[in-house]
Every structure is written in C-alpha cells, then in structure tokens.
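Trainee: Before anything else, here's the structure in question.
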Amino acid sequence: HGTADVGVTLRPTAAATGPHSGRLSATAPGIAVQTAFGASLERESYDVTVRLTGRDGGPGAGIAKLVSTTTGEAFGVRPIGADGVAVVRVPKGSYDLDAFAVAGQAVTLLSKPGVAITGTTSFTLDAREGKPVRAVVDHADAHLQSGELGLVSGNPAGDRTSTLAWLVQPGNELYAAGSGARVTDHTYALYFRATLAAREPGADPAGYVYQLALLERSRVPADPVFRVRDKDLAAVDARYRTQGGETDGLRVDYASFGFPGADSGAYQILPHTLPSRRTEYYTPGPSVSWQHILAVYPPTLTDSENQFSYRTYRPGAQRADWNSGPVGPAFGAPRDGWGVLRAGDQLTYAIPIVSGSDPEQYSAPPLGLTGTATLSRGGVELGSTADPAFGAFTVPGGGGPLTLRSVATRSVPWSLLGTHVDVAWTFRDTGPAVPPPLLVVRAQGALDDDSRAPAGRPFLLSLTAQRQPGASAFRLADLRVETSADDGVTWADAHAVRIGDGGLAVVRNPASDSFVSLRITARDTEGNSVTQTVLRAYRTTSAG
C-alpha cells in the first residue's frame, strides 16, 4: 500500500462563500481510490463582544441580537454569561444591536442602530440609561395591565425584518434607552401595545379599558412617555349581552400597525363577564386595524362560539353590541377564509349562518349547528351537502341565476335564540372573476342585557343590508319584513320602509314573555335577492 499527499486550494475570488465539497480520485492499473473532502468558505467575518450592564450597575442578563441593516439577516447574541458578556461572529457590515436587559420585574429595551462592524469590536449596552416606558391617559387610576413592547430592525425595503418583543405582564416595569438620531436608511421602529385599566380587564365588568397601539418610526425616543387624550381616541360604548343561557366569555383585542415586522405578536386572552357594559378606548386611524374576538361558552365547556370583528376607528363616540339578538346570517372576513367563491366549476361557501346583530361582527358556527345546504338553478337541484356553513358544489355549464340555500338548526346551552335558520340566496353567476353578489340584512333593536325587547309594544328594528365583501356595489330595490310569535307557524307583515341600502321596521311584539321570529326579504336593482328566516331571533319580556 502506498500513500500520496495532495493539496486542495479554495480561492475566495473564484468561489462563493458557504459549504463546498468534492472527491479526489486516484487510479492505477486495475484499481481506483476515491476520497471525499469538504470545506466552508466564510464571508469576511469578525468576532463581536457584547457586554450587558444591568440597572444595578452589575453584569446584566437578557436577550440580544444583531440585525443586518442591508439584508435583514439576524444573528442571536448568545449565550450571555454570568458576567453579562457574549461573543458572536458576524459578517462584515452595518447592524442594529437590539437587546432586552431583564432583572426581576424590570425590563429595559436597549438598541444601537447602524453600528459598523469592520473588524473585531465590542459594544456595551447599559440598562441604567433606560427611562420609564409609559402610556399616560386621562383616567388617573389607569395602570398598565398587559401589552407588548417591541423593536423592529430590517433591510431598507422592509421585506426582511427581525423583531425583538416582550409580552408585558402585570407588575412589569418597562424602560427604554433612546437610540439617538432618526434612522433613515433602513427599517427601524419601536411599537407599544398597551392595555390600561384601573383593574385587570374582566375583574370589573363595568370598568373602562384602554387598548392603545403606539408606533414610533425610525427611533426609540429619549423620553418614551406616550401622552394620549380621550378626545383623540375612539370611545366605544360596548355592550355584552346574553342570549338566555348561562354564559362565560373570553376576550381578545389585537392591533395591527401595517408596519413590517410589527404584527407578529401573540394574542393576550382575558376573561370577560356577560352581561356587561363598559367604555373601551381604542387608538384610531386608517393605519391601525383592530381584530376583536369574543368567545362565549357554557360553564360546562361543552361547546363555544367565537365572534369576530375587524375594525378601524375614527376618534369619538361609537357603539358595539356583542352577542346580541336579533340573530341572523352575516358575512365573514375573507382574510379568515369566509365567503362564497367561484373557482373554475367549483362554488365554495363558508358562511356565518347565525351571528349577532352588530353589522361589524360575525360568528363562527359552534358544534351545535347542524343542517344542510343545496345549490340549484332554475328549480333544478345541482347538489347538496350535510353542512349548512361550509362546503362546495360543482357548477355545470350554462347561464342563469343560482340559488344557494342553507338550512340550519342551532342547539347550544348558552342561547335560546336562532334555533332554526333558513337562508336562500338567488344571485347572478358572475364566474370566478369576482365574488358572487350575495346579500344579507342585519337587524338591530334596543334589547336589554338578555337580548329581550318589551312585550306588547311596538318595537323598532334598524335594518342594514350588506353585500358579500369583494362583490360589486349594490342599490337596494325592495325590503320586506315578516314576524311570527308561534315559531313560524303563522306570519304577519311588519311595516317596513326602505332608506338607502337599509331601512326601518316596526314590529308588534307579543304581549307576554315569548320569542319573535323574523323573515326578511331583500332584493337589489340587479335582481339578486335573499330571504332569511330565523326562528326565535330575539326574546320579549313583560318585566319592567
């Protein structure tokens, strides 16, 4: 056996950085030997030492990262040792050095944006430089209950970012050190989601709550105190009703800033008491989109119903009615997969078939919703499914309007309403280009905390017609309302007047504790129509 030495040379000018591999072959008459080799060609890189100093002046603990301001690539600075020091090796370039120093309940945000790394270097982050991060509101007894403090760093285009965020818990003391001059050459922003109240939301059903979405672009301010006035916020009179059964609730409020990297946080879920009424203050403006979720369920936890609302707010007084009758069909947000859509020869449907009365909300079906759906054209059935809320049909060729009918029974322990729903949509087959022009009508009235109206009196309903999101605009041509006090055995016309794309109806409520069923028919000027029948849409009471 013999040996031979062979040299392998990698030339940085001739090969890309990263891993490389190959084989060396040696041959002789009747024999061949192969040997694999591998190598990694590192970009021009340097060791960076990061020293974290705590608020007491001693070695700090926490988390840190370096984010390239040109590529958005992030490098974790870890582990930070007991001496508060960590060493990380990164390619040559410009970086944001972002960190949280954590000591007990004290959390300090520290950042050095746009530092140049052209050789072996070191940086010190000192938590003693941090000043209190606070949101100050008009209610003097408001305290931070929960939230999220975050810093976004990324490339100039904002299509690659890295976020360092802290989910705030009661008792946390938040601090931040100013970052200096405004950053203008890459993505950089501080954000602060803050829930403020006198007591933990849910502990006081009538207590006010502030939901604030605060964004500071291009810097961490030297004095991170955000002063917010009630007059500049949306002030929502929020009423949470029950529907006749014992009900527990959970609540989520999440703000999206529409800023790269600032919308990847986690939901914070809080208990909510029903019935209740409180004032909720929200950050307004077109750039802040709010997602609200209310989950209602019985104490036995056997089923639940999630109610959703996506809102942007204007400053000033507004109203929201949660879990309220009269119940009826709604349209959900397309971003969550809701809608009736055509793709090729397939018509898919995802419909919140029983929702509360607020036109800004819709409810996902509970397990206790069962039924069927059918699709027909010209009286000829094209298909049927065993699910009234979700499904798909094959649509054969040929013109003419389609009719989608959904029939559902709802049996849930927290509600006596919406026990049976029958909705029939007749609409033009618009093909796959745009969503079909479906309609629903939302009915609202002055109900009490248990979704009851006064018995034996004329009762005013406000009617709002809605088109499926994404469908073409419409004008309402006809609007009719019928009522029943015997669960749909007999029906009587209610006096209704059409006003624009909505209207009003006056209903004669039964004289005793009972239920009112609603059948509403609407048609637009293009001939698209809906007939929606809801048994036990709301209750009546002779009390009070």
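All residue names refer to the structure tokens as shown: chains lettered A, B, ... in order, residues numbered from 1 in each chain, ligands numbered from 1 in order.
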Against region 116-134 of chain A, which residues of region 8-75 of chain A fall within 6 Å? For each one I want the closest pair of atoms and the distance in Å (one decimal), counting only C-alpha atoms, rows by chain and increasing residue number, as a tab-separated table.

Mentor:
residue	atom	partner	partner_atom	distance
A:Tyr46	CA	A:Thr120	CA	5.1
A:Asp47	CA	A:Thr120	CA	5.1
A:Val48	CA	A:Thr121	CA	5.2
A:Thr49	CA	A:Ser122	CA	4.4
A:Val50	CA	A:Phe123	CA	5.0
A:Arg51	CA	A:Thr124	CA	4.7
A:Leu52	CA	A:Leu125	CA	5.0
A:Thr53	CA	A:Asp126	CA	4.6
A:Gly54	CA	A:Ala127	CA	5.2
A:Arg55	CA	A:Arg128	CA	4.6

Trainee: What lies within 8 Å of Leu97 (chain A) using only C-alpha atoms, ignoring chain neighbours under 4 positions off, as a list in words?

Mentor: Ala64, Lys65, Leu66, Val67, Ser111, Lys112, Pro113, Gly114 and Val115 of chain A

Trainee: List the neighbours of Val395 (chain A) out to 7 Å using only C-alpha atoms; skip same-chain residues closer than 5 positions along the sequence, and give me the result as a list in words.

Mentor: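 Skipping anything fewer than 5 positions along the chain leaves Asp345, Gln346 and Leu347 of chain A.
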
Trainee: I need the residues from that last selection saved to file as a PDB file, in the first residue's frame (with N, CA and C atoms), if you can.

Mentor:
ATOM      1  N   ASP A 345     -65.173  25.362 -12.024  1.00  0.00           N
ATOM      2  CA  ASP A 345     -66.559  24.893 -11.927  1.00  0.00           C
ATOM      3  C   ASP A 345     -66.962  24.594 -10.485  1.00  0.00           C
ATOM      4  N   GLN A 346     -66.160  25.062  -9.521  1.00  0.00           N
ATOM      5  CA  GLN A 346     -66.453  24.830  -8.116  1.00  0.00           C
ATOM      6  C   GLN A 346     -66.975  26.116  -7.450  1.00  0.00           C
ATOM      7  N   LEU A 347     -68.068  25.973  -6.715  1.00  0.00           N
ATOM      8  CA  LEU A 347     -68.589  27.050  -5.881  1.00  0.00           C
ATOM      9  C   LEU A 347     -68.412  26.623  -4.430  1.00  0.00           C
TER      10      LEU A 347
END

Trainee: I want to know what sits within 9 Å of region 162-164 of chain A, based on only C-alpha atoms, with residues of the same chain fewer than 4 positions away left out; could you give that as a list in words?

Mentor: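 Surrounding residues, per the criterion: Ile63, Ala64, Lys65, Val67, Gly72, Glu73, Ala74, Asp98, Ala99, Phe100, Leu149, Gly150, Leu151, Val152, Ser153, Gly154, Gly261, Ala262 and Ser264 of chain A.
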
Trainee: For the residues selected in the previous step, produce a file with N, CA and C atoms as a PDB file, in the first residue's frame.

Mentor:
ATOM      1  N   ILE A  63     -31.647  39.117  26.558  1.00  0.00           N
ATOM      2  CA  ILE A  63     -31.555  38.587  25.204  1.00  0.00           C
ATOM      3  C   ILE A  63     -31.093  39.704  24.282  1.00  0.00           C
ATOM      4  N   ALA A  64     -30.384  39.335  23.209  1.00  0.00           N
ATOM      5  CA  ALA A  64     -29.873  40.347  22.282  1.00  0.00           C
ATOM      6  C   ALA A  64     -29.695  39.727  20.907  1.00  0.00           C
ATOM      7  N   LYS A  65     -29.667  40.591  19.894  1.00  0.00           N
ATOM      8  CA  LYS A  65     -29.418  40.142  18.533  1.00  0.00           C
ATOM      9  C   LYS A  65     -28.786  41.265  17.730  1.00  0.00           C
ATOM     10  N   VAL A  67     -28.851  42.658  13.791  1.00  0.00           N
ATOM     11  CA  VAL A  67     -29.654  42.570  12.580  1.00  0.00           C
ATOM     12  C   VAL A  67     -28.982  43.395  11.491  1.00  0.00           C
ATOM     13  N   GLY A  72     -31.249  42.360   6.416  1.00  0.00           N
ATOM     14  CA  GLY A  72     -32.252  41.949   7.387  1.00  0.00           C
ATOM     15  C   GLY A  72     -31.923  40.657   8.090  1.00  0.00           C
ATOM     16  N   GLU A  73     -30.770  40.044   7.782  1.00  0.00           N
ATOM     17  CA  GLU A  73     -30.379  38.795   8.431  1.00  0.00           C
ATOM     18  C   GLU A  73     -30.084  39.054   9.902  1.00  0.00           C
ATOM     19  N   ALA A  74     -30.540  38.145  10.763  1.00  0.00           N
ATOM     20  CA  ALA A  74     -30.388  38.313  12.205  1.00  0.00           C
ATOM     21  C   ALA A  74     -29.432  37.263  12.772  1.00  0.00           C
ATOM     22  N   ASP A  98     -29.785  45.119  19.100  1.00  0.00           N
ATOM     23  CA  ASP A  98     -31.015  45.274  19.877  1.00  0.00           C
ATOM     24  C   ASP A  98     -30.999  44.288  21.039  1.00  0.00           C
ATOM     25  N   ALA A  99     -31.520  44.717  22.192  1.00  0.00           N
ATOM     26  CA  ALA A  99     -31.481  43.842  23.369  1.00  0.00           C
ATOM     27  C   ALA A  99     -32.566  44.214  24.357  1.00  0.00           C
ATOM     28  N   PHE A 100     -32.938  43.235  25.170  1.00  0.00           N
ATOM     29  CA  PHE A 100     -33.700  43.452  26.396  1.00  0.00           C
ATOM     30  C   PHE A 100     -32.828  43.019  27.564  1.00  0.00           C
ATOM     31  N   LEU A 149     -44.129  45.228  24.086  1.00  0.00           N
ATOM     32  CA  LEU A 149     -43.133  46.239  23.728  1.00  0.00           C
ATOM     33  C   LEU A 149     -42.153  45.589  22.761  1.00  0.00           C
ATOM     34  N   GLY A 150     -41.980  46.199  21.590  1.00  0.00           N
ATOM     35  CA  GLY A 150     -41.146  45.561  20.579  1.00  0.00           C
ATOM     36  C   GLY A 150     -40.340  46.548  19.773  1.00  0.00           C
ATOM     37  N   LEU A 151     -39.284  46.022  19.171  1.00  0.00           N
ATOM     38  CA  LEU A 151     -38.415  46.814  18.303  1.00  0.00           C
ATOM     39  C   LEU A 151     -38.200  46.032  17.019  1.00  0.00           C
ATOM     40  N   VAL A 152     -38.378  46.710  15.887  1.00  0.00           N
ATOM     41  CA  VAL A 152     -38.224  46.095  14.576  1.00  0.00           C
ATOM     42  C   VAL A 152     -36.981  46.661  13.910  1.00  0.00           C
ATOM     43  N   SER A 153     -36.128  45.767  13.403  1.00  0.00           N
ATOM     44  CA  SER A 153     -34.986  46.160  12.576  1.00  0.00           C
ATOM     45  C   SER A 153     -35.045  45.351  11.291  1.00  0.00           C
ATOM     46  N   GLY A 154     -34.647  45.970  10.179  1.00  0.00           N
ATOM     47  CA  GLY A 154     -34.693  45.226   8.925  1.00  0.00           C
ATOM     48  C   GLY A 154     -34.008  45.954   7.800  1.00  0.00           C
ATOM     49  N   GLY A 261     -42.893  43.758  10.259  1.00  0.00           N
ATOM     50  CA  GLY A 261     -42.326  43.149  11.446  1.00  0.00           C
ATOM     51  C   GLY A 261     -43.027  43.469  12.750  1.00  0.00           C
ATOM     52  N   ALA A 262     -43.986  44.395  12.738  1.00  0.00           N
ATOM     53  CA  ALA A 262     -44.620  44.822  13.989  1.00  0.00           C
ATOM     54  C   ALA A 262     -45.892  44.057  14.302  1.00  0.00           C
ATOM     55  N   SER A 264     -46.389  40.538  14.417  1.00  0.00           N
ATOM     56  CA  SER A 264     -46.170  39.100  14.591  1.00  0.00           C
ATOM     57  C   SER A 264     -46.289  38.680  16.039  1.00  0.00           C
TER      58      SER A 264
END

Trainee: Which polymer residues have any atom within 6 Å of an atom of Leu504 (chain A), counting only C-alpha atoms, with same-chain residues fewer than 4 positions away left out, as a PyMOL selection string?

Mentor: chain A and resi 461-463+496-497

Trainee: For Ala101 (chain A), find every residue with an atom within 6 Å (counting only C-alpha atoms), except residues of its own chain fewer than 2 positions away, and show them as a ChimeraX atom specification.

Mentor: /A:61-62,107-108
